[in-house]
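The structure appears below as structure tokens.
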Amino acid sequence: MAEVRLVDIEKRYGAFHAVKKQNLTIEEGEFLVLLGPSGCGKTTTMRMIAGLEDITSGDLMIAGQRVNDKPPKDRDIAMVFQNYGLYPHMSVEQNIGYPLKLRGVDKATRTKQVRETAEKVELEALLKRRPSELSGGQRQRVALARAIVRTPKIFLMDEPLSNLDAKLRVSMRAELKHLHHELGVTTVFVTHDQMEAMTLATRVAVMRDGQIVQLDTPKKIYSEPVNLFVAGFIGSPSMNLIEGAIAGGQFTAPGVQMPVDAPDRADVVLGIRPEDLELTQSTDAPISGALYALELTGDSTLVTLREKGTSICARGPAEFEAAINTRCMLAPKPGGRVHLFDKTSGERLDF
């Protein structure tokens, strides 16, 4: 295990500023997820930690030592890439055991460790196969096993679950979570999948345009987004973001007349998550609109209302049914959270 610190780290490709003045401390034993859309700088940040990208300016510290000029092999890290990076001429067993072979681990010990690791990722029946004989998901599990078997100071994982099918992805998330608890190795995990971030992370660093815009626990990021970008990026379905104005203690927008404890102001955005809304029969409900869509998700139904260009989604009961264009009413659930944001800056407003 090791602490990782990024001090004023920057990365430029000519005139393009990929990572801007990054300051981040990844605690020893932490599972940190770098989350954001494509092109936000998350993979570049991880590759600088790995030593695969030169640092334009700033200092990278691992276990208290500056490692800017150290090659990847001297940083005691293990990486898992999206594109596997397996040796095609080697069997699964040889691929997993190769890092141990490079370290001079004897064959008997190597075989034992490889088989134990293979069991953890459900590969024990495939050890004699070569990568060309495996599915994409199986190859990704080989790459994971090859990183796990090394027990390095730091795991760096670049979207390692992206090529797995939905069912295996869920089971591998649980496996990664358990492995991290078991091994306690400092882990940096890059993804654009918010579900992976929310389920795996000790902390999440949400990135945009080369900068971290919010760094906190998954629960805090979900319940208290610092700006409109985070509010809209986190959550599936995402938070309802409704443009309107506040006057006399009431937020007003098409189809919305909601009491709020906030001063008068124009150009404000009200945010409320679908699970914080409920269907109601009350004629004076704060939200009303024509039913635009119904989407059954199994345990619930997503109900989307639309009123003069404003769309609002609520998570209703699975048994709810109604005809399209039926007039429906919504109200915040008791204890449901309502958020307010400045439309111009995007920043969260707290009163």
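In the structure tokens, chains take letters A, B, ... by order of appearance, with residues numbered from 1 within each chain and ligands from 1 in the order shown.
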**Message:** Using only C-alpha atoms, which protein or nucleic acid residues come within 9 Å of A:Pro237? Drop anything in the same chain fewer than 3 positions from it, and give the result as a list in words.
**Reply:**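 Neighbouring residues, sequence-local ones excluded: Ile234, Asn240, Arg273, Pro274, Leu302 and Cys313 of chain A.
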Given the selection you just returned, output its residues as a file containing C-alpha atoms, formatted as a compact mmCIF listing (two decimals), in the first residue's frame.
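Final output, saved to out05.txt:
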```txt
# COMPACT_ATOMS: atom_id res chain seq x y z
CA ILE A 234 -24.59 11.41 -11.45
CA ASN A 240 -34.47 16.67 -12.97
CA ARG A 273 -34.16 13.36 -8.28
CA PRO A 274 -36.86 11.06 -9.71
CA LEU A 302 -40.28 5.79 -14.70
CA CYS A 313 -39.22 12.28 -14.47
```
**Request:** Find the residues around A:Leu144 up to 8 Å (only C-alpha atoms counted), leave out those fewer than 3 positions away in its own chain, and share them as an NGL selection string.
**Result:** :A and (80 or 121 or 140-141 or 147-148 or 160)
**Request:** If you run DSSP over the backbone, which residues in stretch 48-170 of chain A end up strand (DSSP E)? Put them as number ranges by chain.
**Result:** A: 57-62, 65-66, 77-80, 154-158
Selection to disk with all heavy atoms, as a tab-separated table (two decimals), in the first residue's frame:
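Output file result-v7.tsv follows:
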```tsv
chain	number	residue	atom	x	y	z
A	57	SER	N	4.26	19.68	-15.81
A	57	SER	CA	4.74	20.41	-14.63
A	57	SER	C	4.06	19.85	-13.40
A	57	SER	O	3.01	19.22	-13.48
A	57	SER	CB	4.47	21.91	-14.76
A	57	SER	OG	3.07	22.17	-14.82
A	58	GLY	N	4.68	20.10	-12.23
A	58	GLY	CA	4.14	19.59	-10.98
A	58	GLY	C	4.92	18.38	-10.48
A	58	GLY	O	5.88	17.93	-11.12
A	59	ASP	N	4.53	17.88	-9.33
A	59	ASP	CA	5.23	16.75	-8.70
A	59	ASP	C	4.27	15.60	-8.43
A	59	ASP	O	3.15	15.81	-7.94
A	59	ASP	CB	5.86	17.18	-7.38
A	59	ASP	CG	6.96	18.21	-7.58
A	59	ASP	OD1	7.80	17.99	-8.48
A	59	ASP	OD2	6.97	19.22	-6.87
A	60	LEU	N	4.73	14.39	-8.73
A	60	LEU	CA	3.98	13.18	-8.41
A	60	LEU	C	4.74	12.43	-7.31
A	60	LEU	O	5.91	12.07	-7.49
A	60	LEU	CB	3.83	12.30	-9.65
A	60	LEU	CG	3.15	10.95	-9.42
A	60	LEU	CD1	1.69	11.14	-9.03
A	60	LEU	CD2	3.24	10.07	-10.67
A	61	MET	N	4.06	12.22	-6.19
A	61	MET	CA	4.68	11.56	-5.03
A	61	MET	C	4.00	10.22	-4.77
A	61	MET	O	2.77	10.15	-4.70
A	61	MET	CB	4.54	12.45	-3.79
A	61	MET	CG	4.88	13.92	-3.99
A	61	MET	SD	6.62	14.22	-4.30
A	61	MET	CE	7.31	13.88	-2.67
A	62	ILE	N	4.80	9.17	-4.66
A	62	ILE	CA	4.29	7.85	-4.28
A	62	ILE	C	5.06	7.40	-3.05
A	62	ILE	O	6.29	7.36	-3.05
A	62	ILE	CB	4.46	6.82	-5.42
A	62	ILE	CG1	3.60	7.22	-6.63
A	62	ILE	CG2	4.06	5.42	-4.95
A	62	ILE	CD1	3.71	6.28	-7.81
A	65	GLN	N	7.86	9.69	-2.00
A	65	GLN	CA	8.99	9.92	-2.89
A	65	GLN	C	8.54	10.51	-4.22
A	65	GLN	O	7.52	10.08	-4.78
A	65	GLN	CB	9.74	8.61	-3.16
A	65	GLN	CG	10.46	8.04	-1.95
A	65	GLN	CD	11.34	6.86	-2.33
A	65	GLN	OE1	11.05	6.15	-3.30
A	65	GLN	NE2	12.39	6.63	-1.56
A	66	ARG	N	9.29	11.48	-4.71
A	66	ARG	CA	8.98	12.07	-6.01
A	66	ARG	C	9.37	11.07	-7.10
A	66	ARG	O	10.51	10.60	-7.15
A	66	ARG	CB	9.75	13.38	-6.19
A	66	ARG	CG	9.40	14.15	-7.45
A	66	ARG	CD	10.20	15.45	-7.50
A	66	ARG	NE	9.85	16.29	-8.66
A	66	ARG	CZ	10.37	16.14	-9.87
A	66	ARG	NH1	11.28	15.21	-10.09
A	66	ARG	NH2	9.99	16.95	-10.86
A	77	ILE	N	3.66	-0.69	-9.43
A	77	ILE	CA	2.24	-0.57	-9.76
A	77	ILE	C	1.84	-1.75	-10.64
A	77	ILE	O	2.69	-2.39	-11.28
A	77	ILE	CB	1.94	0.74	-10.52
A	77	ILE	CG1	2.79	0.80	-11.80
A	77	ILE	CG2	2.17	1.95	-9.64
A	77	ILE	CD1	2.46	1.94	-12.71
A	78	ALA	N	0.55	-2.05	-10.68
A	78	ALA	CA	0.01	-3.03	-11.62
A	78	ALA	C	-1.15	-2.37	-12.34
A	78	ALA	O	-2.00	-1.75	-11.72
A	78	ALA	CB	-0.46	-4.28	-10.90
A	79	MET	N	-1.16	-2.51	-13.67
A	79	MET	CA	-2.18	-1.84	-14.47
A	79	MET	C	-3.08	-2.84	-15.16
A	79	MET	O	-2.64	-3.92	-15.58
A	79	MET	CB	-1.54	-0.95	-15.53
A	79	MET	CG	-0.93	0.32	-14.96
A	79	MET	SD	-0.66	1.56	-16.26
A	79	MET	CE	-2.34	2.00	-16.67
A	80	VAL	N	-4.35	-2.46	-15.29
A	80	VAL	CA	-5.32	-3.23	-16.09
A	80	VAL	C	-5.91	-2.27	-17.10
A	80	VAL	O	-6.49	-1.25	-16.73
A	80	VAL	CB	-6.44	-3.82	-15.22
A	80	VAL	CG1	-7.38	-4.65	-16.09
A	80	VAL	CG2	-5.87	-4.68	-14.11
A	154	ILE	N	0.19	-0.30	-5.69
A	154	ILE	CA	-0.91	0.46	-6.30
A	154	ILE	C	-1.48	-0.32	-7.47
A	154	ILE	O	-0.74	-0.83	-8.31
A	154	ILE	CB	-0.41	1.83	-6.81
A	154	ILE	CG1	0.26	2.64	-5.70
A	154	ILE	CG2	-1.56	2.64	-7.42
A	154	ILE	CD1	1.04	3.84	-6.21
A	155	PHE	N	-2.81	-0.40	-7.53
A	155	PHE	CA	-3.52	-0.89	-8.70
A	155	PHE	C	-4.00	0.32	-9.50
A	155	PHE	O	-4.59	1.25	-8.95
A	155	PHE	CB	-4.76	-1.71	-8.32
A	155	PHE	CG	-4.48	-3.10	-7.85
A	155	PHE	CD1	-5.14	-3.59	-6.74
A	155	PHE	CD2	-3.60	-3.92	-8.52
A	155	PHE	CE1	-4.90	-4.88	-6.29
A	155	PHE	CE2	-3.36	-5.21	-8.08
A	155	PHE	CZ	-4.01	-5.69	-6.97
A	156	LEU	N	-3.77	0.30	-10.81
A	156	LEU	CA	-4.31	1.32	-11.71
A	156	LEU	C	-5.18	0.59	-12.73
A	156	LEU	O	-4.69	-0.29	-13.45
A	156	LEU	CB	-3.18	2.07	-12.41
A	156	LEU	CG	-2.19	2.82	-11.51
A	156	LEU	CD1	-1.09	3.46	-12.34
A	156	LEU	CD2	-2.91	3.88	-10.68
A	157	MET	N	-6.45	0.95	-12.79
A	157	MET	CA	-7.40	0.24	-13.64
A	157	MET	C	-8.12	1.21	-14.57
A	157	MET	O	-8.80	2.12	-14.10
A	157	MET	CB	-8.41	-0.52	-12.79
A	157	MET	CG	-7.79	-1.53	-11.84
A	157	MET	SD	-9.02	-2.54	-11.00
A	157	MET	CE	-7.93	-3.59	-10.00
A	158	ASP	N	-7.94	1.01	-15.87
A	158	ASP	CA	-8.54	1.90	-16.87
A	158	ASP	C	-9.73	1.20	-17.52
A	158	ASP	O	-9.57	0.41	-18.44
A	158	ASP	CB	-7.49	2.27	-17.91
A	158	ASP	CG	-8.00	3.34	-18.88
A	158	ASP	OD1	-9.10	3.88	-18.65
A	158	ASP	OD2	-7.29	3.63	-19.86
```
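The residue set within 9 Å of A:Val206, counting only C-alpha atoms and dropping same-chain residues fewer than 4 places from it, reads Val33, Leu34, Leu35, Gly36, Lys42, Gln211, Ile212, Val213, Gln214, Leu215, Asp216, Ile221 and Val230 of chain A.
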Written file, previous selection with N, CA and C atoms, as a CSV table (one decimal), in the first residue's frame:
```csv
chain,number,residue,atom,x,y,z
A,33,VAL,N,-12.0,6.5,-7.5
A,33,VAL,CA,-12.5,6.4,-8.8
A,33,VAL,C,-12.4,7.8,-9.5
A,34,LEU,N,-11.7,7.9,-10.6
A,34,LEU,CA,-11.7,9.1,-11.5
A,34,LEU,C,-12.9,8.9,-12.5
A,35,LEU,N,-13.9,9.7,-12.3
A,35,LEU,CA,-15.1,9.6,-13.1
A,35,LEU,C,-15.4,10.8,-14.0
A,36,GLY,N,-15.8,10.6,-15.2
A,36,GLY,CA,-16.1,11.8,-16.0
A,36,GLY,C,-16.4,11.3,-17.5
A,42,LYS,N,-9.3,12.1,-17.3
A,42,LYS,CA,-9.2,11.0,-16.2
A,42,LYS,C,-8.1,10.0,-16.6
A,211,GLN,N,-10.1,19.0,-15.0
A,211,GLN,CA,-10.1,19.4,-13.6
A,211,GLN,C,-11.0,18.6,-12.8
A,212,ILE,N,-10.7,18.4,-11.5
A,212,ILE,CA,-11.7,17.8,-10.6
A,212,ILE,C,-12.7,18.8,-10.1
A,213,VAL,N,-13.9,18.6,-10.4
A,213,VAL,CA,-15.0,19.5,-10.0
A,213,VAL,C,-15.6,19.2,-8.6
A,214,GLN,N,-15.5,17.9,-8.2
A,214,GLN,CA,-16.0,17.5,-6.9
A,214,GLN,C,-15.3,16.2,-6.5
A,215,LEU,N,-14.8,16.2,-5.3
A,215,LEU,CA,-14.1,15.0,-4.7
A,215,LEU,C,-14.7,14.7,-3.4
A,216,ASP,N,-15.4,13.6,-3.3
A,216,ASP,CA,-16.0,13.2,-2.0
A,216,ASP,C,-16.5,11.8,-2.1
A,221,ILE,N,-21.5,12.9,-3.0
A,221,ILE,CA,-21.6,13.4,-4.4
A,221,ILE,C,-23.1,13.2,-4.9
A,230,VAL,N,-22.3,18.1,-12.1
A,230,VAL,CA,-22.3,16.9,-11.3
A,230,VAL,C,-23.7,16.4,-11.1
```
**Message:** Between A:Met198, A:Asp342, A:Ser311, A:Ser288, which residue has the minimum interatomic distance to A:Ile246, considering only C-alpha atoms?
**Reply:**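 Of all the options, A:Asp342 lies closest to A:Ile246.
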**Message:** Can you pull out the residues contacting A:Thr25? Cut-off 9 Å, using only C-alpha atoms, and skip same-chain residues under 4 positions away; I want them as a ChimeraX atom specification.
**Reply:** /A:3-7
Please save all heavy atoms of the selected residues as an mmCIF file, in the first residue's frame.
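Once written, selection_18.cif looks like this:
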```cif
data_model
loop_
_atom_site.group_PDB
_atom_site.id
_atom_site.type_symbol
_atom_site.label_atom_id
_atom_site.label_comp_id
_atom_site.auth_asym_id
_atom_site.auth_seq_id
_atom_site.Cartn_x
_atom_site.Cartn_y
_atom_site.Cartn_z
ATOM 1 N N GLU A 3 0.549 5.858 -0.308
ATOM 2 C CA GLU A 3 -0.171 7.092 -0.576
ATOM 3 C C GLU A 3 0.337 7.683 -1.888
ATOM 4 O O GLU A 3 1.526 7.631 -2.184
ATOM 5 C CB GLU A 3 0.049 8.085 0.567
ATOM 6 C CG GLU A 3 -0.634 9.434 0.352
ATOM 7 C CD GLU A 3 -0.172 10.479 1.346
ATOM 8 O OE1 GLU A 3 0.924 11.052 1.126
ATOM 9 O OE2 GLU A 3 -0.891 10.713 2.331
ATOM 10 N N VAL A 4 -0.573 8.255 -2.667
ATOM 11 C CA VAL A 4 -0.214 8.913 -3.919
ATOM 12 C C VAL A 4 -0.640 10.372 -3.822
ATOM 13 O O VAL A 4 -1.782 10.662 -3.458
ATOM 14 C CB VAL A 4 -0.906 8.249 -5.128
ATOM 15 C CG1 VAL A 4 -0.505 8.942 -6.424
ATOM 16 C CG2 VAL A 4 -0.573 6.764 -5.189
ATOM 17 N N ARG A 5 0.294 11.294 -4.142
ATOM 18 C CA ARG A 5 -0.048 12.718 -4.103
ATOM 19 C C ARG A 5 0.294 13.375 -5.432
ATOM 20 O O ARG A 5 1.396 13.212 -5.943
ATOM 21 C CB ARG A 5 0.697 13.437 -2.974
ATOM 22 C CG ARG A 5 0.083 13.237 -1.602
ATOM 23 C CD ARG A 5 0.526 14.298 -0.613
ATOM 24 N NE ARG A 5 1.982 14.352 -0.485
ATOM 25 C CZ ARG A 5 2.707 15.459 -0.643
ATOM 26 N NH1 ARG A 5 2.121 16.599 -0.963
ATOM 27 N NH2 ARG A 5 4.015 15.428 -0.493
ATOM 28 N N LEU A 6 -0.660 14.101 -5.963
ATOM 29 C CA LEU A 6 -0.448 14.912 -7.155
ATOM 30 C C LEU A 6 -0.397 16.367 -6.707
ATOM 31 O O LEU A 6 -1.346 16.863 -6.091
ATOM 32 C CB LEU A 6 -1.587 14.713 -8.155
ATOM 33 C CG LEU A 6 -1.597 13.427 -8.987
ATOM 34 C CD1 LEU A 6 -1.855 12.209 -8.098
ATOM 35 C CD2 LEU A 6 -2.664 13.493 -10.073
ATOM 36 N N VAL A 7 0.717 17.032 -6.973
ATOM 37 C CA VAL A 7 0.922 18.408 -6.537
ATOM 38 C C VAL A 7 1.070 19.304 -7.762
ATOM 39 O O VAL A 7 2.074 19.241 -8.473
ATOM 40 C CB VAL A 7 2.175 18.529 -5.636
ATOM 41 C CG1 VAL A 7 2.325 19.963 -5.141
ATOM 42 C CG2 VAL A 7 2.109 17.546 -4.475
#
```
**Request:** Report the distance between atom CA of A:Val114 and atom CA of A:Lys101 in Å, rounded to one decimal place.
**Result:**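 Between these atoms lies a distance of 11.0 Å.
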**Request:** Please report, as an MDAnalysis selection string, each residue of stretch 6-251 of chain A to which DSSP assigns alpha helix (DSSP H) when run on this structure's backbone.
**Result:** chainID A and resid 42:50 92:102 107:120 136:148 166:183 194:200 218:223 228:233
**Request:** Report the distance between atom CA of A:Ala285 and atom CA of A:Met329 in Å, rounded to one decimal place.
**Result:**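 Going from atom CA of A:Ala285 over to atom CA of A:Met329 covers 6.0 Å.
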